[in-house]
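Structure data follow from protein.pdb (PDB, C-alpha atoms):
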ATOM      1  CA  MET F   1      -2.268  29.602   9.562
ATOM      2  CA  PRO F   2      -5.254  28.316  11.567
ATOM      3  CA  LEU F   3      -4.794  25.078  13.476
ATOM      4  CA  THR F   4      -7.067  22.734  15.369
ATOM      5  CA  PHE F   5      -6.632  19.841  17.766
ATOM      6  CA  ASP F   6      -8.075  16.382  17.116
ATOM      7  CA  ALA F   7      -7.642  14.551  20.419
ATOM      8  CA  PRO F   8      -8.439  10.992  19.179
ATOM      9  CA  ALA F   9      -6.065  11.342  16.228
ATOM     10  CA  VAL F  10      -3.250  12.748  18.374
ATOM     11  CA  PHE F  11      -3.747   9.993  20.951
ATOM     12  CA  CYS F  12      -3.609   7.223  18.326
ATOM     13  CA  VAL F  13      -0.508   8.721  16.700
ATOM     14  CA  LEU F  14       1.316   9.010  20.035
ATOM     15  CA  VAL F  15       0.435   5.438  21.049
ATOM     16  CA  LEU F  16       1.396   3.890  17.701
ATOM     17  CA  GLY F  17       4.580   5.924  17.446
ATOM     18  CA  THR F  18       5.678   5.035  20.976
ATOM     19  CA  LEU F  19       4.986   1.320  20.501
ATOM     20  CA  TYR F  20       6.824   1.262  17.171
ATOM     21  CA  ILE F  21       9.910   3.077  18.482
ATOM     22  CA  ARG F  22      10.113   0.852  21.568
ATOM     23  CA  ALA F  23       9.860  -2.282  19.425
ATOM     24  CA  ALA F  24      12.449  -0.990  16.926
ATOM     25  CA  ARG F  25      14.931  -0.345  19.726
ATOM     26  CA  ARG F  26      14.752  -3.991  20.819
ATOM     27  CA  ARG F  27      16.346  -5.210  17.618
ATOM     28  CA  ASP F  28      18.564  -4.059  14.767
ATOM     29  CA  TRP F  29      15.774  -2.341  12.848
ATOM     30  CA  PRO F  30      16.560  -0.329   9.663
ATOM     31  CA  PRO F  31      16.317   3.423  10.366
ATOM     32  CA  GLY F  32      14.662   3.991   6.999
ATOM     33  CA  ARG F  33      11.670   1.906   8.008
ATOM     34  CA  THR F  34      11.300   3.803  11.265
ATOM     35  CA  THR F  35      11.456   7.098   9.388
ATOM     36  CA  ALA F  36       8.799   5.960   6.910
ATOM     37  CA  PHE F  37       6.424   4.792   9.632
ATOM     38  CA  LEU F  38       6.787   7.979  11.678
ATOM     39  CA  ALA F  39       6.307  10.054   8.525
ATOM     40  CA  GLY F  40       3.059   8.176   7.909
ATOM     41  CA  LEU F  41       1.882   9.035  11.421
ATOM     42  CA  ALA F  42       2.883  12.652  10.826
ATOM     43  CA  THR F  43       0.616  12.846   7.782
ATOM     44  CA  ILE F  44      -2.298  11.899  10.040
ATOM     45  CA  LEU F  45      -1.544  14.915  12.226
ATOM     46  CA  VAL F  46      -1.320  17.136   9.148
ATOM     47  CA  VAL F  47      -4.726  15.956   7.966
ATOM     48  CA  THR F  48      -6.444  16.233  11.350
ATOM     49  CA  CYS F  49      -4.775  19.189  13.085
ATOM     50  CA  SER F  50      -3.649  21.614  10.350
ATOM     51  CA  ALA F  51      -5.603  24.041   8.182
ATOM     52  CA  LEU F  52      -6.814  21.031   6.207
ATOM     53  CA  ALA F  53      -8.871  20.033   9.239
ATOM     54  CA  VAL F  54     -10.108  23.598   9.803
ATOM     55  CA  TYR F  55     -11.545  23.892   6.290
ATOM     56  CA  ASP F  56     -12.438  20.262   5.550
ATOM     57  CA  THR F  57     -16.137  20.984   6.086
ATOM     58  CA  THR F  58     -16.009  24.269   4.171
ATOM     59  CA  PHE F  59     -14.392  23.443   0.835
ATOM     60  CA  PHE F  60     -14.773  20.311  -1.259
ATOM     61  CA  TRP F  61     -11.198  20.379  -2.525
ATOM     62  CA  VAL F  62      -9.818  20.368   1.036
ATOM     63  CA  ARG F  63     -11.786  17.211   1.807
ATOM     64  CA  ALA F  64     -10.432  15.697  -1.420
ATOM     65  CA  VAL F  65      -6.844  16.389  -0.278
ATOM     66  CA  GLN F  66      -7.606  14.690   3.026
ATOM     67  CA  THR F  67      -9.095  11.653   1.294
ATOM     68  CA  THR F  68      -6.150  11.264  -1.080
ATOM     69  CA  THR F  69      -3.650  11.590   1.762
ATOM     70  CA  LEU F  70      -5.373   9.095   4.058
ATOM     71  CA  LEU F  71      -5.941   6.563   1.287
ATOM     72  CA  MET F  72      -2.672   6.776  -0.648
ATOM     73  CA  VAL F  73       0.080   8.639   1.220
ATOM     74  CA  THR F  74      -0.398   7.670   4.865
ATOM     75  CA  PRO F  75      -0.861   3.912   4.273
ATOM     76  CA  LEU F  76       2.086   3.725   1.874
ATOM     77  CA  LEU F  77       4.437   5.262   4.432
ATOM     78  CA  LEU F  78       3.064   3.031   7.190
ATOM     79  CA  ALA F  79       3.499  -0.070   5.017
ATOM     80  CA  LEU F  80       7.081   0.948   4.157
ATOM     81  CA  GLY F  81       7.726   0.791   7.894
ATOM     82  CA  ALA F  82       6.920  -2.968   7.881
ATOM     83  CA  PRO F  83       5.040  -2.798  11.211
ATOM     84  CA  LEU F  84       3.723  -6.371  11.028
ATOM     85  CA  ARG F  85       7.213  -7.825  10.613
ATOM     86  CA  LEU F  86       8.375  -5.745  13.572
ATOM     87  CA  LEU F  87       5.405  -6.988  15.590
ATOM     88  CA  LEU F  88       6.162 -10.629  14.796
ATOM     89  CA  ASP F  89       9.830 -10.127  15.666
ATOM     90  CA  THR F  90       9.135  -8.607  19.072
ATOM     91  CA  VAL F  91       5.861 -10.200  20.246
ATOM     92  CA  PRO F  92       4.934 -13.935  20.243
ATOM     93  CA  ALA F  93       1.622 -13.252  18.389
ATOM     94  CA  ARG F  94       0.788 -16.960  18.196
ATOM     95  CA  TRP F  95      -2.726 -16.356  16.903
ATOM     96  CA  LEU F  96      -1.426 -14.183  14.067
ATOM     97  CA  ARG F  97       1.237 -16.719  13.134
ATOM     98  CA  ARG F  98      -1.286 -19.562  13.188
ATOM     99  CA  HIS F  99      -4.029 -17.901  11.147
ATOM    100  CA  GLY F 100      -1.973 -15.441   9.113
ATOM    101  CA  ARG F 101      -1.701 -17.809   6.168
ATOM    102  CA  GLY F 102      -5.025 -19.605   6.601
ATOM    103  CA  PRO F 103      -7.741 -19.923   3.938
ATOM    104  CA  LEU F 104      -9.653 -16.874   5.207
ATOM    105  CA  ALA F 105      -6.566 -14.654   5.184
ATOM    106  CA  ARG F 106      -5.642 -15.833   1.690
ATOM    107  CA  ALA F 107      -9.165 -15.166   0.444
ATOM    108  CA  LEU F 108      -9.255 -11.668   1.937
ATOM    109  CA  THR F 109      -5.920 -10.800   0.298
ATOM    110  CA  PHE F 110      -6.842 -12.221  -3.118
ATOM    111  CA  PRO F 111      -5.805  -9.517  -5.653
ATOM    112  CA  PRO F 112      -9.345  -8.642  -6.885
ATOM    113  CA  VAL F 113     -10.515  -8.402  -3.272
ATOM    114  CA  VAL F 114      -7.624  -6.082  -2.402
ATOM    115  CA  THR F 115      -8.432  -3.919  -5.429
ATOM    116  CA  LEU F 116     -12.054  -3.606  -4.334
ATOM    117  CA  ALA F 117     -10.949  -2.800  -0.792
ATOM    118  CA  LEU F 118      -9.012   0.168  -2.179
ATOM    119  CA  VAL F 119     -11.555   1.639  -4.593
ATOM    120  CA  VAL F 120     -14.918   0.837  -3.006
ATOM    121  CA  PRO F 121     -14.578   3.068   0.098
ATOM    122  CA  VAL F 122     -13.927   6.141  -2.063
ATOM    123  CA  LEU F 123     -16.767   5.325  -4.453
ATOM    124  CA  VAL F 124     -19.167   4.817  -1.539
ATOM    125  CA  LEU F 125     -17.994   8.039   0.093
ATOM    126  CA  TYR F 126     -18.531  10.249  -2.946
ATOM    127  CA  LEU F 127     -21.365   8.517  -4.779
ATOM    128  CA  THR F 128     -23.769   7.902  -1.879
ATOM    129  CA  PRO F 129     -25.423  10.064   0.819
ATOM    130  CA  LEU F 130     -22.523   9.110   3.104
ATOM    131  CA  TYR F 131     -20.613  12.201   1.993
ATOM    132  CA  ASP F 132     -23.283  14.556   3.302
ATOM    133  CA  LEU F 133     -23.395  12.596   6.576
ATOM    134  CA  VAL F 134     -19.605  12.840   6.980
ATOM    135  CA  LEU F 135     -19.775  16.620   6.665
ATOM    136  CA  ARG F 136     -22.380  16.848   9.430
ATOM    137  CA  SER F 137     -21.280  14.084  11.838
ATOM    138  CA  PRO F 138     -17.823  14.048  13.485
ATOM    139  CA  VAL F 139     -18.341  10.397  14.423
ATOM    140  CA  ALA F 140     -19.044   9.355  10.832
ATOM    141  CA  ASP F 141     -16.108  11.489   9.704
ATOM    142  CA  GLY F 142     -13.741   9.736  12.106
ATOM    143  CA  LEU F 143     -14.932   6.276  11.109
ATOM    144  CA  VAL F 144     -14.488   7.066   7.413
ATOM    145  CA  ARG F 145     -10.938   8.240   8.060
ATOM    146  CA  VAL F 146     -10.118   4.967   9.830
ATOM    147  CA  VAL F 147     -11.619   2.964   6.952
ATOM    148  CA  LEU F 148      -9.600   4.908   4.368
ATOM    149  CA  VAL F 149      -6.308   4.294   6.176
ATOM    150  CA  ALA F 150      -7.146   0.617   6.762
ATOM    151  CA  ALA F 151      -8.123   0.093   3.114
ATOM    152  CA  GLY F 152      -4.984   1.785   1.845
ATOM    153  CA  PHE F 153      -2.745  -0.112   4.260
ATOM    154  CA  THR F 154      -4.257  -3.453   3.213
ATOM    155  CA  TYR F 155      -3.494  -2.584  -0.394
ATOM    156  CA  PHE F 156       0.111  -1.471   0.121
ATOM    157  CA  TRP F 157       0.842  -4.195   2.689
ATOM    158  CA  THR F 158      -0.083  -6.994   0.291
ATOM    159  CA  ARG F 159       1.474  -5.365  -2.774
ATOM    160  CA  LEU F 160       4.821  -4.240  -1.358
ATOM    161  CA  GLY F 161       5.541  -7.514   0.419
ATOM    162  CA  LEU F 162       7.804  -5.977   3.075
ATOM    163  CA  ASP F 163       5.629  -7.551   5.760
ATOM    164  CA  PRO F 164       4.669 -11.241   5.766
ATOM    165  CA  THR F 165       1.538 -11.756   3.676
ATOM    166  CA  PRO F 166      -0.906 -14.675   3.424
ATOM    167  CA  ARG F 167      -0.129 -15.147  -0.267
ATOM    168  CA  GLU F 168       2.674 -14.358  -2.678
ATOM    169  CA  ASP F 169       1.539 -13.079  -6.065
ATOM    170  CA  PRO F 170       3.752 -12.228  -9.050
ATOM    171  CA  HIS F 171       4.936  -8.642  -9.219
ATOM    172  CA  LEU F 172       3.105  -8.229 -12.507
ATOM    173  CA  VAL F 173      -0.185  -8.681 -10.624
ATOM    174  CA  SER F 174       0.671  -5.651  -8.493
ATOM    175  CA  VAL F 175       1.378  -3.624 -11.622
ATOM    176  CA  TRP F 176      -2.024  -4.511 -13.077
ATOM    177  CA  ILE F 177      -3.759  -3.644  -9.799
ATOM    178  CA  ALA F 178      -2.021  -0.255  -9.772
ATOM    179  CA  PHE F 179      -3.181   0.299 -13.347
ATOM    180  CA  THR F 180      -6.751  -0.596 -12.344
ATOM    181  CA  GLU F 181      -6.598   1.902  -9.493
ATOM    182  CA  VAL F 182      -5.560   4.621 -11.966
ATOM    183  CA  ILE F 183      -8.623   3.843 -14.102
ATOM    184  CA  PHE F 184     -10.962   4.125 -11.119
ATOM    185  CA  ASP F 185      -9.360   7.426 -10.101
ATOM    186  CA  GLY F 186      -9.999   8.796 -13.569
ATOM    187  CA  ALA F 187     -13.593   7.544 -13.651
ATOM    188  CA  LEU F 188     -14.399   9.078 -10.258
ATOM    189  CA  GLY F 189     -12.733  12.336 -11.216
ATOM    190  CA  LEU F 190     -14.823  12.600 -14.392
ATOM    191  CA  VAL F 191     -18.051  11.847 -12.521
ATOM    192  CA  LEU F 192     -17.359  14.546  -9.934
ATOM    193  CA  TRP F 193     -16.181  17.017 -12.570
ATOM    194  CA  LEU F 194     -19.168  16.643 -14.902
ATOM    195  CA  GLY F 195     -21.797  15.402 -12.454
ATOM    196  CA  PRO F 196     -24.095  17.234 -10.038
ATOM    197  CA  LEU F 197     -22.851  19.047  -6.968
ATOM    198  CA  LEU F 198     -22.394  16.985  -3.802
ATOM    199  CA  ALA F 199     -24.103  18.245  -0.635
ATOM    200  CA  PRO F 200     -25.158  21.508  -2.348
ATOM    201  CA  ALA F 201     -27.336  22.696   0.547
ATOM    202  CA  TYR F 202     -24.595  22.093   3.086
ATOM    203  CA  TYR F 203     -21.875  23.862   1.104
ATOM    204  CA  ALA F 204     -24.189  26.779   0.278
ATOM    205  CA  ALA F 205     -24.691  27.356   4.011
ATOM    206  CA  ALA F 206     -21.050  26.720   4.962
ATOM    207  CA  HIS F 207     -19.426  28.800   2.214
ATOM    208  CA  PRO F 208     -17.475  31.650   3.873
ATOM    209  CA  GLY F 209     -18.003  34.099   1.008
ATOM    210  CA  ARG F 210     -14.432  33.789  -0.213
ATOM    211  CA  GLY F 211     -12.607  31.177  -2.220
ATOM    212  CA  PRO F 212     -13.952  29.252  -5.218
ATOM    213  CA  ASP F 213     -17.672  28.938  -5.847
ATOM    214  CA  PRO F 214     -19.212  25.476  -5.211
ATOM    215  CA  ARG F 215     -18.930  24.311  -8.847
ATOM    216  CA  THR F 216     -15.306  25.404  -9.215
ATOM    217  CA  ASP F 217     -14.587  23.989  -5.776
ATOM    218  CA  GLN F 218     -15.868  20.551  -6.805
ATOM    219  CA  ILE F 219     -13.972  20.675 -10.106
ATOM    220  CA  ILE F 220     -10.735  21.377  -8.212
ATOM    221  CA  GLY F 221     -11.525  18.535  -5.809
ATOM    222  CA  ALA F 222     -12.199  16.184  -8.711
ATOM    223  CA  GLY F 223      -8.776  17.027 -10.102
ATOM    224  CA  VAL F 224      -7.184  16.375  -6.719
ATOM    225  CA  LEU F 225      -8.805  12.940  -6.488
ATOM    226  CA  TRP F 226      -7.902  12.095 -10.090
ATOM    227  CA  ILE F 227      -4.442  13.553 -10.671
ATOM    228  CA  GLY F 228      -3.421  13.770  -7.033
ATOM    229  CA  GLY F 229      -4.259  10.117  -6.461
ATOM    230  CA  ASP F 230      -2.114   9.076  -9.408
ATOM    231  CA  VAL F 231       0.789  11.301  -8.355
ATOM    232  CA  ALA F 232       0.577   9.996  -4.786
ATOM    233  CA  GLY F 233       0.767   6.449  -6.163
ATOM    234  CA  LEU F 234       3.992   7.062  -8.112
ATOM    235  CA  PRO F 235       6.299   6.328  -5.135
ATOM    236  CA  PHE F 236       4.517   3.004  -4.743
ATOM    237  CA  VAL F 237       5.120   2.112  -8.390
ATOM    238  CA  VAL F 238       8.805   3.051  -7.997
ATOM    239  CA  ALA F 239       9.090   0.968  -4.821
ATOM    240  CA  LEU F 240       7.349  -1.910  -6.564
ATOM    241  CA  PHE F 241       9.795  -1.952  -9.487
ATOM    242  CA  VAL F 242      12.785  -1.584  -7.148
ATOM    243  CA  ARG F 243      11.617  -4.599  -5.159
ATOM    244  CA  TRP F 244      10.961  -6.479  -8.402
ATOM    245  CA  ALA F 245      14.522  -5.808  -9.588
ATOM    246  CA  ARG F 246      16.003  -6.819  -6.223
ATOM    247  CA  ASP F 247      14.002 -10.051  -6.158
ATOM    248  CA  ASP F 248      15.169 -10.918  -9.685
ATOM    249  CA  GLU F 249      18.770 -10.168  -8.728
ATOM    250  CA  ARG F 250      18.509 -12.309  -5.586
ATOM    251  CA  ARG F 251      16.893 -15.153  -7.537
ATOM    252  CA  ALA F 252      19.629 -14.987 -10.173
ATOM    253  CA  LYS F 253      22.318 -15.231  -7.477
ATOM    254  CA  GLN F 254      20.571 -18.232  -5.936
ATOM    255  CA  ILE F 255      20.448 -19.960  -9.327
ATOM    256  CA  ASP F 256      24.134 -19.225  -9.925
ATOM    257  CA  VAL F 257      25.059 -20.707  -6.546
ATOM    258  CA  GLN F 258      22.929 -23.776  -7.221
ATOM    259  CA  LEU F 259      24.488 -24.290 -10.644
ATOM    260  CA  ASP F 260      27.994 -23.894  -9.212
ATOM    261  CA  GLU F 261      27.231 -26.481  -6.509
ATOM    262  CA  GLU F 262      25.802 -28.905  -9.059
ATOM    263  CA  ALA F 263      28.807 -28.410 -11.338
ATOM    264  CA  ALA F 264      31.242 -28.991  -8.471
ATOM    265  CA  SER F 265      29.303 -32.063  -7.345
ATOM    266  CA  GLY F 266      29.226 -33.444 -10.897
ATOM    267  CA  ALA F 267      32.934 -32.881 -11.369
ATOM    268  CA  ALA F 268      33.730 -34.675  -8.149
ATOM    269  CA  SER F 269      31.609 -37.705  -8.995
ATOM    270  CA  THR F 270      32.920 -38.229 -12.552
ATOM    271  CA  SER F 271      36.288 -39.273 -13.928
ATOM    272  CA  GLY F 272      37.854 -40.028 -17.274
ATOM    273  CA  LEU F 273      37.461 -38.201 -20.552
ATOM    274  CA  TRP F 274      34.475 -35.937 -21.013
ATOM    275  CA  TRP F 275      32.866 -38.071 -23.760
ATOM    276  CA  GLU F 276      32.965 -41.109 -21.527
ATOM    277  CA  ASN F 277      30.595 -39.311 -19.173
ATOM    278  CA  ASP F 278      28.200 -38.205 -21.927
ATOM    279  CA  PRO F 279      25.288 -40.696 -22.200
ATOM    280  CA  ALA F 280      24.937 -40.013 -25.906
ATOM    281  CA  LEU F 281      28.592 -40.850 -26.664
ATOM    282  CA  SER F 282      29.627 -43.340 -23.992
ATOM    283  CA  ASP F 283      28.168 -46.385 -25.788
ATOM    284  CA  ARG F 284      29.912 -45.461 -29.033
ATOM    285  CA  PHE F 285      33.370 -45.471 -27.441
ATOM    286  CA  LYS F 286      32.733 -48.243 -24.894
ATOM    287  CA  GLY F 287      34.561 -50.907 -26.821
ATOM    288  CA  ARG F 288      37.463 -48.759 -27.935
ATOM    289  CA  GLY F 289      40.624 -48.365 -26.007
TER     290      GLY F 289
END

Would it be possible to restate this file's structure as structure tokens?
Amino acid sequence: MPLTFDAPAVFCVLVLGTLYIRAARRRDWPPGRTTAFLAGLATILVVTCSALAVYDTTFFWVRAVQTTTLLMVTPLLLALGAPLRLLLDTVPARWLRRHGRGPLARALTFPPVVTLALVVPVLVLYLTPLYDLVLRSPVADGLVRVVLVAAGFTYFWTRLGLDPTPREDPHLVSVWIAFTEVIFDGALGLVLWLGPLLAPAYYAAAHPGRGPDPRTDQIIGAGVLWIGGDVAGLPFVVALFVRWARDDERRAKQIDVQLDEEAASGAASTSGLWWENDPALSDRFKGRG
């Protein structure tokens, strides 16, 4: 299997992984979160240094796999690692604490804004001349990859709620956002499936003479972006419902404790027969005895 070496990607992965592990060792950090974060970094290496990187400028469907991974898989795993909470627990980060819940941060994480942050980069990539530029320019390619990961992380960070967020929205909002993302995936997939070929001159020159023809290649890529994006989002939906159930269970326990405390406090502050303490009946039996 052919491999390649992307020095900037490897450098970033090594730096982020080292910083995360060192911070996790300073406190009692859940191993599952560390595993998720390192797995997210590993997907970056798979995208940039494996056969996917060798053929990402040759076949459309390979580029589609890269896009889906960087937008949906990598950010989800990174967000499951709760890196911002780990950062706040190990570094003072006064500026982040002071402005993290400010008006600007709340506006930028408003649910419609987060939804646009997830879907717009992909639409711009595939429905504008940017796609042709990415195939020809390594710099543009690298910047697009960073934007995809950042957009996906913003989405999963605000929706999962494992890290501190500027705003707390109901879980049902996250479900509706996920549903909206599915609709956009389907719309983009249909456009690429039925629409004109992207970068036809480039792919005609780059085609190695084997593999699918350009039209079949784009149809496969459209299916990857459509179905693959939805499949990649299933773990997020599962994690979302698990967190929803845990939050409801925790809230129910808090209510039970509060009711028990109120009942104990009420019992301690009252005396006599039960109807003497009922406002609706106390007047009726006040003069009897």

Inset, instruction - Please write as a ChimeraX atom specification the full residue list that the PyMOL selection byres ((chain F and resi 157) around 10) yields on this file. - result: /F:75-76,78-84,109,151-156,158-165

Inset, instruction - Work out how far atom CA of Tyr202 of chain F is from atom CA of Ser137 of chain F, in Å to one decimal. - result: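 Those two atoms sit 12.3 Å apart.
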
Inset, instruction - Report as a PyMOL selection string the full result of the PyMOL selection byres ((chain F and resi 49-54) around 7) when it is applied to this structure. - result: chain F and resi 1-6+45-48+55-56+62

Legend entry - Who sits within 12 Å of Gly186 of chain F, all atoms listed in the file, same chain under 5 positions skipped, as an MDAnalysis selection string: chainID F and resid 119 123 179:181 191:193 222:230

Legend entry - Evaluate the PyMOL selection byres ((chain F and resi 8) around 12) and report residues as a count of residues only: 20

The centre and edge lengths of an axis-aligned box containing all atoms of segment 6-10 of chain F present in the file, extended by 5 Å on each side, are to be given in Å to one decimal, as JSON.
{"center_x": -5.8, "center_y": 13.7, "center_z": 18.3, "size_x": 15.2, "size_y": 15.4, "size_z": 14.2}

Inset, instruction - Identify the residues within 7 Å of coordinate (-19.9, 19.9, 0.9) (same frame as the file), considering all atoms listed in the file, and give the answer as a PyMOL selection string. - result: chain F and resi 57-60+132+135+198-200+202-203

Inset, instruction - Using all atoms listed in the file, pick whichever of F:Phe184, F:Trp61, F:Phe110, F:Phe37 has the shortest atom-to-atom distance to Val122 of chain F. - result: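 Looking at the shortest contact to Val122 of chain F, the residue is F:Phe184.
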
Inset, instruction - Find the residue from F:Thr128, F:Pro166, F:Val65, F:Leu87 that sits nearest to Leu108 of chain F; use all atoms listed in the file when measuring. - result: F:Pro166
